[in-house]
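What follows is the content of model.txt (compact mmCIF, C-alpha atoms).
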# COMPACT_ATOMS: atom_id res chain seq x y z
CA MET A 1 9.19 34.23 -100.61
CA THR A 2 10.34 37.51 -99.13
CA ASN A 3 12.47 37.75 -95.99
CA CYS A 4 9.36 37.57 -93.86
CA LEU A 5 6.46 36.29 -95.93
CA THR A 6 5.73 33.19 -97.94
CA CYS A 7 3.48 33.66 -100.97
CA PRO A 8 0.88 31.45 -102.62
CA GLU A 9 2.28 29.17 -105.29
CA PRO A 10 0.24 27.69 -108.17
CA GLU A 11 -0.02 24.34 -106.43
CA ASN A 12 -1.67 25.75 -103.32
CA TYR A 13 -4.04 28.39 -104.65
CA ALA A 14 -6.79 26.25 -103.24
CA ALA A 15 -5.55 26.99 -99.79
CA VAL A 16 -5.76 30.74 -100.12
CA ALA A 17 -7.61 31.14 -96.87
CA LEU A 18 -4.91 29.27 -95.01
CA GLN A 19 -2.30 31.25 -96.87
CA LEU A 20 -3.89 34.50 -95.78
CA GLN A 21 -3.86 33.27 -92.20
CA ASN A 22 -0.18 32.41 -92.49
CA THR A 23 0.52 35.78 -94.05
CA ALA A 24 -1.29 37.57 -91.26
CA MET A 25 0.56 35.60 -88.59
CA GLN A 26 3.96 36.00 -90.24
CA ALA A 27 3.45 39.71 -90.82
CA GLU A 28 2.41 40.16 -87.22
CA SER A 29 5.45 38.25 -85.98
CA CYS A 30 7.87 40.29 -88.08
CA LEU A 31 6.28 43.63 -87.23
CA PHE A 32 6.00 42.81 -83.55
CA ASP A 33 9.68 41.92 -83.29
CA LEU A 34 10.62 45.19 -84.91
CA GLN A 35 8.23 47.18 -82.78
CA LYS A 36 9.51 45.52 -79.63
CA GLN A 37 13.10 46.44 -80.47
CA LEU A 38 12.20 50.01 -81.31
CA ARG A 39 10.13 50.47 -78.19
CA ASN A 40 12.89 49.02 -76.03
CA GLY A 41 15.00 51.88 -77.31
CA THR A 42 12.53 54.42 -75.96
CA ASN A 43 11.97 52.55 -72.71
CA PRO A 44 15.37 52.16 -71.04
CA LEU A 45 15.48 50.62 -67.58
CA THR A 46 14.45 53.52 -65.35
CA THR A 47 13.30 53.96 -61.78
CA VAL A 48 12.18 57.11 -59.97
CA ILE A 49 11.28 56.89 -56.29
CA THR A 50 10.32 59.51 -53.71
CA SER A 51 10.99 58.95 -50.02
CA THR A 52 8.04 59.08 -47.67
CA GLY A 53 10.12 58.98 -44.49
CA THR A 54 12.98 60.97 -43.06
CA GLU A 55 16.56 60.01 -42.34
CA SER A 56 18.57 61.41 -39.44
CA ILE A 57 22.30 61.86 -39.83
CA ALA A 58 24.89 62.65 -37.17
CA ALA A 59 27.73 65.07 -37.79
CA ASN A 60 31.21 64.02 -38.90
CA VAL A 61 30.09 60.61 -40.12
CA VAL A 62 29.68 59.52 -43.71
CA GLN A 63 26.30 57.84 -43.67
CA ASP A 64 24.95 55.72 -46.47
CA LEU A 65 21.35 56.64 -47.14
CA GLY A 66 19.11 53.65 -46.78
CA VAL A 67 15.63 54.93 -47.38
CA THR A 68 13.18 52.06 -47.20
CA SER A 69 9.96 54.02 -47.08
CA PHE A 70 9.16 55.46 -50.45
CA THR A 71 6.69 55.85 -53.28
CA THR A 72 7.61 54.50 -56.68
CA ASN A 73 6.92 57.26 -59.18
CA PHE A 74 8.02 55.19 -62.13
CA ALA A 75 9.69 51.83 -62.64
CA ASN A 76 9.81 49.71 -65.74
CA ASN A 77 11.88 47.07 -63.95
CA PRO A 78 11.79 45.22 -60.61
CA THR A 79 14.58 47.26 -58.99
CA THR A 80 12.98 49.88 -56.80
CA GLN A 81 15.08 49.88 -53.66
CA VAL A 82 18.00 52.07 -52.69
CA VAL A 83 19.51 49.48 -50.34
CA GLN A 84 21.76 47.02 -52.21
CA LEU A 85 20.92 48.84 -55.39
CA GLY A 86 24.04 48.13 -57.43
CA PRO A 87 24.03 44.32 -57.38
CA ASN A 88 20.36 44.30 -58.30
CA LEU A 89 20.84 46.32 -61.46
CA PRO A 90 21.84 44.65 -64.72
CA ILE A 91 25.40 45.28 -65.84
CA GLY A 92 25.63 48.52 -67.75
CA VAL A 93 26.17 52.26 -67.79
CA TYR A 94 23.68 54.33 -65.84
CA GLN A 95 22.80 57.93 -65.19
CA VAL A 96 22.02 58.21 -61.49
CA GLY A 97 20.72 61.12 -59.46
CA ALA A 98 19.28 62.30 -56.19
CA THR A 99 17.64 65.50 -55.04
CA MET A 100 16.72 66.29 -51.45
CA THR A 101 16.36 68.88 -48.74
CA ALA A 102 18.67 68.62 -45.71
CA ILE A 103 17.42 70.39 -42.60
CA ALA A 104 19.07 70.72 -39.20
CA SER A 105 16.90 69.08 -36.56
CA GLY A 106 17.90 71.66 -33.96
CA VAL A 107 20.57 74.30 -33.75
CA VAL A 108 21.88 75.34 -37.16
CA ASP A 109 25.61 75.88 -37.53
CA ASP A 110 25.67 78.59 -40.14
CA ASN A 111 27.83 78.00 -43.19
CA THR A 112 28.76 74.45 -42.22
CA LEU A 113 28.99 72.05 -45.09
CA ARG A 114 26.62 69.34 -46.24
CA VAL A 115 27.92 66.83 -48.77
CA LEU A 116 25.86 64.50 -50.94
CA ARG A 117 27.74 61.70 -52.67
CA ILE A 118 26.93 59.08 -55.24
CA ARG A 119 29.57 56.37 -55.28
CA THR A 120 30.24 52.83 -56.34
CA LYS A 121 32.40 50.33 -54.52
CA LYS A 122 32.90 46.59 -54.38
CA ASP A 123 29.79 44.96 -53.02
CA GLY A 124 30.23 43.53 -49.54
CA THR A 125 33.16 45.72 -48.57
CA PRO A 126 32.87 48.08 -45.56
CA SER A 127 31.25 51.45 -46.09
CA GLY A 128 34.62 53.14 -45.79
CA ALA A 129 36.29 50.95 -48.40
CA PRO A 130 37.78 52.74 -51.39
CA ASP A 131 35.29 53.89 -53.96
CA ASP A 132 35.39 52.77 -57.56
CA SER A 133 33.78 56.05 -58.56
CA LEU A 134 32.64 59.11 -56.68
CA ALA A 135 30.64 62.22 -57.43
CA GLU A 136 29.67 64.77 -54.83
CA ILE A 137 28.15 68.15 -54.25
CA THR A 138 28.87 70.43 -51.31
CA ILE A 139 26.45 73.02 -50.00
CA TYR A 140 27.25 75.43 -47.20
CA GLU A 141 24.27 75.91 -44.91
CA PRO A 142 22.56 79.18 -45.82
CA ASN A 143 20.75 79.28 -42.45
CA ASN A 144 17.68 80.96 -43.86
CA GLY A 145 15.18 78.60 -42.32
CA THR A 146 14.65 76.46 -45.39
CA GLY A 147 17.55 74.02 -45.07
CA SER A 148 19.77 73.11 -47.98
CA ASP A 149 18.42 71.79 -51.25
CA MET A 150 20.88 69.41 -52.84
CA SER A 151 20.81 67.82 -56.29
CA LEU A 152 23.40 65.57 -57.84
CA SER A 153 23.54 63.55 -61.01
CA THR A 154 26.36 61.45 -62.40
CA THR A 155 27.16 58.55 -64.69
CA VAL A 156 28.34 55.22 -63.30
CA THR A 157 29.35 51.90 -64.77
CA LEU A 158 28.14 48.84 -62.90
CA ASP A 159 29.70 45.40 -63.41
CA GLY A 160 27.27 43.38 -61.29
CA ASN A 161 29.64 43.16 -58.33
CA GLN A 162 29.48 46.75 -57.19
CA ASP A 163 27.13 48.55 -54.91
CA LEU A 164 25.72 51.92 -55.85
CA ILE A 165 25.44 54.13 -52.79
CA PHE A 166 23.99 57.49 -51.92
CA SER A 167 25.90 58.96 -48.95
CA PHE A 168 25.61 62.06 -46.84
CA PHE A 169 28.08 63.90 -44.66
CA HIS A 170 27.82 67.15 -42.71
CA LEU A 171 29.55 69.24 -40.08
CA ASN A 172 26.48 70.59 -38.29
CA THR A 173 27.80 69.47 -34.89
CA SER A 174 25.11 71.25 -32.87
CA SER A 175 22.34 68.98 -34.10
CA THR A 176 21.64 66.13 -36.44
CA ILE A 177 20.62 66.71 -40.04
CA THR A 178 17.33 65.36 -41.29
CA ILE A 179 16.84 64.39 -44.91
CA ALA A 180 13.26 65.45 -45.41
CA SER A 181 10.71 63.13 -46.92
CA GLY A 182 10.20 63.93 -50.57
CA ALA A 183 13.79 63.13 -51.50
CA ILE A 184 13.95 61.75 -55.02
CA TYR A 185 16.32 58.98 -56.11
CA TRP A 186 16.51 57.88 -59.71
CA TRP A 187 18.51 55.84 -62.15
CA THR A 188 18.23 55.17 -65.86
CA LYS A 189 20.25 52.84 -68.00
CA LEU A 190 22.20 54.54 -70.75
CA SER A 191 23.73 51.51 -72.43
CA ASP A 192 25.17 48.08 -72.02
CA GLN A 193 28.72 47.87 -70.78
CA VAL A 194 30.56 47.63 -74.07
CA ALA A 195 34.13 48.05 -75.19
CA LEU A 196 34.34 51.06 -77.45
CA ARG A 197 35.73 50.31 -80.84
CA THR A 198 38.94 52.13 -81.62
CA VAL A 199 39.97 52.94 -85.15
CA MET B 1 -16.28 33.67 -89.98
CA PRO B 2 -12.99 35.62 -90.29
CA GLU B 3 -10.55 35.51 -87.41
CA ASN B 4 -7.97 38.01 -86.20
CA THR B 5 -4.35 37.75 -85.15
CA PRO B 6 -3.82 38.18 -81.40
CA ILE B 7 -1.63 41.30 -81.28
CA TYR B 8 -2.53 43.62 -84.12
CA GLY B 9 -5.86 42.08 -85.06
CA PHE B 10 -5.00 41.36 -88.67
CA THR B 11 -8.05 39.80 -90.29
CA TYR B 12 -7.86 36.53 -92.20
CA PRO B 13 -10.51 34.15 -93.52
CA CYS B 14 -11.00 30.71 -92.06
CA PRO B 15 -11.35 27.57 -94.19
CA GLY B 16 -14.78 27.65 -95.74
CA ASP B 17 -15.03 31.43 -95.69
CA PRO B 18 -15.38 33.09 -99.07
CA VAL B 19 -12.07 34.61 -100.15
CA ASP B 20 -12.33 37.55 -102.46
CA ALA B 21 -10.39 40.68 -103.32
CA ALA B 22 -11.70 42.39 -100.21
CA SER B 23 -10.02 39.75 -98.06
CA PHE B 24 -6.65 40.67 -99.51
CA ALA B 25 -7.38 44.39 -99.38
CA THR B 26 -8.40 44.27 -95.74
CA LEU B 27 -5.28 42.42 -94.66
CA ALA B 28 -3.01 44.57 -96.83
CA ASN B 29 -4.47 47.76 -95.40
CA GLN B 30 -4.16 46.51 -91.83
CA ILE B 31 -0.50 45.62 -92.37
CA ASP B 32 0.05 48.95 -94.07
CA THR B 33 -1.44 50.78 -91.08
CA GLN B 34 0.82 48.88 -88.73
CA LEU B 35 3.84 49.75 -90.86
CA PHE B 36 3.00 53.43 -90.42
CA ALA B 37 2.82 52.86 -86.68
CA LEU B 38 6.19 51.17 -86.86
CA GLN B 39 7.58 54.20 -88.64
CA ASP B 40 6.35 56.30 -85.73
CA ASP B 41 8.16 54.00 -83.30
CA GLU B 42 11.31 54.29 -85.39
CA GLU B 43 11.18 58.07 -85.24
CA TRP B 44 10.75 57.96 -81.46
CA SER B 45 13.72 55.61 -81.11
CA LEU B 46 15.93 57.86 -83.19
CA GLY B 47 15.11 61.07 -81.39
CA ARG B 48 13.00 62.03 -78.42
CA TYR B 49 12.02 65.44 -77.13
CA SER B 50 14.99 67.47 -75.96
CA VAL B 51 14.99 71.21 -75.56
CA ARG B 52 17.25 73.94 -74.24
CA GLN B 53 15.56 77.25 -73.70
CA THR B 54 16.62 80.52 -72.12
CA MET B 55 14.23 82.80 -70.31
CA THR B 56 13.96 86.14 -72.10
CA PRO B 57 14.19 88.74 -70.76
CA ASN B 58 15.84 88.07 -67.42
CA GLN B 59 13.30 88.40 -64.63
CA ALA B 60 13.86 91.42 -62.40
CA GLY B 61 12.46 92.65 -59.14
CA LEU B 62 12.67 89.49 -57.03
CA VAL B 63 12.14 90.39 -53.40
CA SER B 64 14.38 88.91 -50.71
CA GLY B 65 12.82 86.12 -48.67
CA VAL B 66 9.93 85.52 -51.08
CA GLU B 67 9.93 82.46 -53.32
CA THR B 68 9.13 83.80 -56.77
CA ALA B 69 7.94 81.78 -59.74
CA LEU B 70 9.74 82.64 -62.96
CA VAL B 71 7.23 83.61 -65.60
CA ASN B 72 9.03 85.36 -68.44
CA ALA B 73 9.06 83.76 -71.89
CA GLY B 74 11.09 80.58 -72.01
CA SER B 75 10.84 79.88 -68.29
CA THR B 76 8.30 77.09 -68.67
CA TYR B 77 8.08 73.94 -70.75
CA VAL B 78 4.86 72.16 -71.62
CA ILE B 79 5.26 68.39 -71.80
CA PRO B 80 4.45 67.26 -75.36
CA ALA B 81 3.96 63.53 -74.69
CA ASP B 82 3.63 61.17 -71.74
CA GLY B 83 7.02 60.15 -70.41
CA VAL B 84 9.80 60.41 -67.88
CA TYR B 85 11.79 63.59 -68.36
CA ILE B 86 15.04 64.89 -66.92
CA ALA B 87 15.12 68.64 -66.35
CA CYS B 88 18.21 70.70 -65.62
CA ALA B 89 18.25 74.37 -64.75
CA ALA B 90 21.03 76.91 -64.61
CA THR B 91 20.45 80.23 -62.99
CA GLN B 92 22.32 83.37 -62.17
CA GLY B 93 21.24 86.01 -59.70
CA PHE B 94 22.60 89.50 -60.07
CA ALA B 95 21.87 93.23 -59.81
CA ALA B 96 21.18 93.07 -56.09
CA THR B 97 23.13 95.13 -53.60
CA SER B 98 24.35 91.88 -52.04
CA ILE B 99 23.26 88.26 -52.06
CA ASP B 100 23.53 86.05 -49.01
CA ASN B 101 22.15 82.89 -50.57
CA MET B 102 19.84 81.59 -53.27
CA ARG B 103 17.80 78.52 -54.04
CA ILE B 104 16.18 77.34 -57.24
CA ARG B 105 13.55 74.66 -57.42
CA LEU B 106 11.91 73.11 -60.44
CA ARG B 107 8.18 72.57 -60.41
CA LEU B 108 5.72 70.23 -62.06
CA ASN B 109 2.37 71.95 -62.46
CA GLY B 110 3.36 74.39 -59.76
CA ALA B 111 4.37 71.76 -57.20
CA ALA B 112 8.01 72.23 -56.27
CA ILE B 113 10.50 69.47 -55.62
CA PRO B 114 13.90 69.95 -53.97
CA GLY B 115 16.34 71.76 -56.21
CA ARG B 116 19.58 73.31 -55.16
CA SER B 117 20.67 75.90 -52.66
CA TYR B 118 23.74 78.02 -53.10
CA ASN B 119 25.73 79.74 -50.43
CA ASN B 120 29.39 80.49 -50.01
CA ASN B 121 31.13 79.56 -46.81
CA GLY B 122 31.53 82.80 -44.88
CA ALA B 123 28.34 84.43 -46.12
CA PRO B 124 26.97 87.01 -45.99
CA PHE B 125 29.60 88.15 -48.37
CA ILE B 126 29.81 91.29 -50.44
CA ASP B 127 28.94 89.78 -53.74
CA SER B 128 26.15 90.61 -56.12
CA THR B 129 26.31 87.56 -58.35
CA GLN B 130 25.67 83.85 -57.80
CA MET B 131 25.55 81.31 -60.60
CA PHE B 132 24.73 77.63 -60.15
CA ASP B 133 22.69 74.81 -61.59
CA VAL B 134 20.39 71.93 -60.79
CA PRO B 135 22.11 69.04 -62.56
CA GLY B 136 19.13 66.83 -63.23
CA VAL B 137 15.74 66.18 -61.74
CA PRO B 138 13.31 63.55 -63.00
CA PHE B 139 9.67 64.23 -63.77
CA VAL B 140 7.09 61.60 -64.55
CA ALA B 141 4.75 63.69 -66.65
CA VAL B 142 1.82 63.50 -68.99
CA THR B 143 0.97 65.56 -72.03
CA GLY B 144 0.13 69.11 -71.06
CA ASP B 145 1.99 69.13 -67.75
CA THR B 146 4.18 72.17 -67.21
CA ILE B 147 7.71 72.32 -65.87
CA SER B 148 8.67 75.66 -64.39
CA ALA B 149 11.08 77.13 -61.86
CA ALA B 150 11.00 79.29 -58.77
CA VAL B 151 13.77 81.21 -57.00
CA LEU B 152 14.14 82.06 -53.34
CA TRP B 153 16.91 84.37 -52.26
CA PHE B 154 18.06 86.35 -49.26
CA GLY B 155 20.06 89.54 -49.43
CA VAL B 156 19.83 93.29 -49.88
CA GLY B 157 18.04 95.02 -52.73
CA THR B 158 16.07 93.29 -55.45
CA LEU B 159 17.39 90.49 -57.59
CA THR B 160 17.41 89.88 -61.32
CA VAL B 161 17.73 86.27 -62.46
CA PHE B 162 18.81 84.48 -65.59
CA LEU B 163 17.38 81.02 -66.30
CA ARG B 164 18.35 78.33 -68.75
CA LEU B 165 16.14 75.26 -68.80
CA ASP B 166 17.06 71.92 -70.34
CA VAL B 167 14.45 69.19 -70.59
CA ARG B 168 14.78 65.84 -72.31
CA MET B 169 12.61 62.78 -72.45
CA ILE B 170 14.32 59.59 -71.29
CA VAL B 171 11.36 57.21 -71.32
CA ARG B 172 8.34 57.29 -73.57
CA ILE B 173 5.28 56.08 -71.69
CA LEU B 174 2.75 54.36 -73.91
Kindly present the structure from the file in structure tokens form.
Amino acid sequence: MTNCLTCPEPENYAAVALQLQNTAMQAESCLFDLQKQLRNGTNPLTTVITSTGTESIAANVVQDLGVTSFTTNFANNPTTQVVQLGPNLPIGVYQVGATMTAIASGVVDDNTLRVLRIRTKKDGTPSGAPDDSLAEITIYEPNNGTGSDMSLSTTVTLDGNQDLIFSFFHLNTSSTITIASGAIYWWTKLSDQVALRTV
Amino acid sequence: MPENTPIYGFTYPCPGDPVDAASFATLANQIDTQLFALQDDEEWSLGRYSVRQTMTPNQAGLVSGVETALVNAGSTYVIPADGVYIACAATQGFAATSIDNMRIRLRLNGAAIPGRSYNNNGAPFIDSTQMFDVPGVPFVAVTGDTISAAVLWFGVGTLTVFLRLDVRMIVRIL
């Protein structure tokens, strides 16, 4: 017998047909397990969604983006919502990103800032509670009629008790800012949450 | 009548079927074929498509206020296999009299998605160089799709742009 396959012995040569069936089944089982493991490696938990609605954001307030109207471009897992995202993702290390266009709904205050943040904090705590991690990008309004394109990507570690939040802040006090439909939110799992071995 | 296993369809005889050398050969060859497929999966798991390419030469003559697709060699990437890809772009605009602001967007088959704008507080400023990047944008793509980039800028003169494009597959879609 090999690690995977039993072989015909002299006492059961008469059952060669059955042996071939067993061999086929055992080979399939071994190969399928291996293939499943290898394909899991090329298919990490990943979601890409595109918003189909807009979000309006007032000035001087950090607003958590809560897009609920979206198209799922790709998802190999059940988690396809931005709201309460963190607690619904398995524990692990993730690469997370967002890309969007922010447009003043009315009067544009030239050169005022727009800030996109990706942050994690304890789930259930107020929006303003301290962040466990924070990444942000700041764009100063170019006022050329096209709004501000903003893209941000970062790596976060989620322990199952944290929320993962996309937030927006701006100082365009003359009008609200609209996050145009077509904003893309995405996350992909990089690894399990493991303790690195030190030598 | 021979039967087949449910996943890979390996063929085996049933009791009462004649068992001859061909029975063994058929099963052995089917397993062998699947082992080759497994080798393919192993290679995918060890390394997926990942490229960094720089547009050469830099593209000159971009007109202010007109979104311009970058077309010089190295500015586009043709997707080699179905998957989810992350693309990053770094660009630099220079050689204009002055630049007020710039924007770069990545495109999938010519359709742009939001990228990144760049503008310094206090613009227009007397500056002829802006350098910035798009840190990562996902594309769900199939073989033969093309990722490219386009630049929009506002300022005085004509602009020359540098582009570096990074694309890597994160999910293989089977």
### Task
For chain A, list the residues within 7 Å of chain B, counting all atoms listed in the file, and write the list as a ChimeraX atom specification.
/A:17-18,20-21,24-25,28,35,38-39,41-44,73-74,99-101,111,139-142,148-153
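Every protein, DNA or RNA residue with an atom at most 12 Å from region 105-108 of chain A, where all atoms listed in the file count and chain neighbours fewer than 4 positions away do not, is listed here: A:Thr54, A:Glu55, A:Ser56, A:Ile57, A:Ala58, A:Ala59, A:Thr112, A:Leu113, A:Arg114, A:Tyr140, A:Glu141, A:Pro142, A:Asn143, A:Asn144, A:Gly145, A:Thr146, A:Gly147, A:Ser148, A:His170, A:Leu171, A:Asn172, A:Thr173, A:Ser174, A:Ser175, A:Thr176, A:Ile177, A:Thr178, A:Ile179, A:Ala180.
Between CA of Gly124 (chain A) and CA of Leu190 (chain A) the separation is 25.2 Å.
Atom pair CA of Asp159 (chain A) / CA of Asn76 (chain A) has a distance of 20.5 Å (rounded to one decimal).
Of the residues listed (A:Thr47, A:Thr71, A:Asn88, A:Gln37), A:Thr71 shows the shortest atom-to-atom separation from Gly182 (chain A); distances use only C-alpha atoms.
Interatomic distance, CA of Glu67 (chain B) against CA of Val51 (chain B): 25.4 Å.
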Since fewer atoms than expected are present, regenerate N, CA and C atoms for region 107-122 of chain B and write them as a JSON list (two decimals), keeping the file's coordinate frame.
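Output file result-v2.json is given in full below:
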[["chain", "number", "residue", "atom", "x", "y", "z"],
["B", 107, "ARG", "N", 9.56, 72.88, -60.80],
["B", 107, "ARG", "CA", 8.18, 72.57, -60.41],
["B", 107, "ARG", "C", 7.49, 71.78, -61.52],
["B", 108, "LEU", "N", 6.60, 70.91, -61.10],
["B", 108, "LEU", "CA", 5.72, 70.23, -62.06],
["B", 108, "LEU", "C", 4.31, 70.68, -61.74],
["B", 109, "ASN", "N", 3.71, 71.38, -62.67],
["B", 109, "ASN", "CA", 2.37, 71.95, -62.46],
["B", 109, "ASN", "C", 2.29, 72.77, -61.18],
["B", 110, "GLY", "N", 3.35, 73.49, -60.91],
["B", 110, "GLY", "CA", 3.36, 74.39, -59.76],
["B", 110, "GLY", "C", 3.81, 73.76, -58.46],
["B", 111, "ALA", "N", 3.93, 72.44, -58.42],
["B", 111, "ALA", "CA", 4.37, 71.76, -57.20],
["B", 111, "ALA", "C", 5.89, 71.61, -57.24],
["B", 112, "ALA", "N", 6.55, 72.22, -56.26],
["B", 112, "ALA", "CA", 8.01, 72.23, -56.27],
["B", 112, "ALA", "C", 8.58, 70.94, -55.70],
["B", 113, "ILE", "N", 9.73, 70.55, -56.21],
["B", 113, "ILE", "CA", 10.50, 69.47, -55.62],
["B", 113, "ILE", "C", 11.87, 70.05, -55.26],
["B", 114, "PRO", "N", 12.61, 69.38, -54.36],
["B", 114, "PRO", "CA", 13.90, 69.95, -53.97],
["B", 114, "PRO", "C", 14.78, 70.25, -55.17],
["B", 115, "GLY", "N", 15.46, 71.36, -55.11],
["B", 115, "GLY", "CA", 16.34, 71.76, -56.21],
["B", 115, "GLY", "C", 17.76, 71.89, -55.73],
["B", 116, "ARG", "N", 18.22, 73.12, -55.64],
["B", 116, "ARG", "CA", 19.58, 73.31, -55.16],
["B", 116, "ARG", "C", 19.71, 74.67, -54.49],
["B", 117, "SER", "N", 20.34, 74.65, -53.34],
["B", 117, "SER", "CA", 20.67, 75.90, -52.66],
["B", 117, "SER", "C", 22.09, 76.29, -53.03],
["B", 118, "TYR", "N", 22.38, 77.55, -52.83],
["B", 118, "TYR", "CA", 23.74, 78.02, -53.10],
["B", 118, "TYR", "C", 24.11, 79.05, -52.06],
["B", 119, "ASN", "N", 25.28, 78.86, -51.48],
["B", 119, "ASN", "CA", 25.73, 79.74, -50.43],
["B", 119, "ASN", "C", 27.23, 79.56, -50.29],
["B", 120, "ASN", "N", 27.96, 80.63, -50.20],
["B", 120, "ASN", "CA", 29.39, 80.49, -50.01],
["B", 120, "ASN", "C", 29.73, 80.46, -48.53],
["B", 121, "ASN", "N", 30.66, 79.60, -48.18],
["B", 121, "ASN", "CA", 31.13, 79.56, -46.81],
["B", 121, "ASN", "C", 31.62, 80.96, -46.41],
["B", 122, "GLY", "N", 31.13, 81.47, -45.30],
["B", 122, "GLY", "CA", 31.53, 82.80, -44.88],
["B", 122, "GLY", "C", 30.49, 83.86, -45.19]]
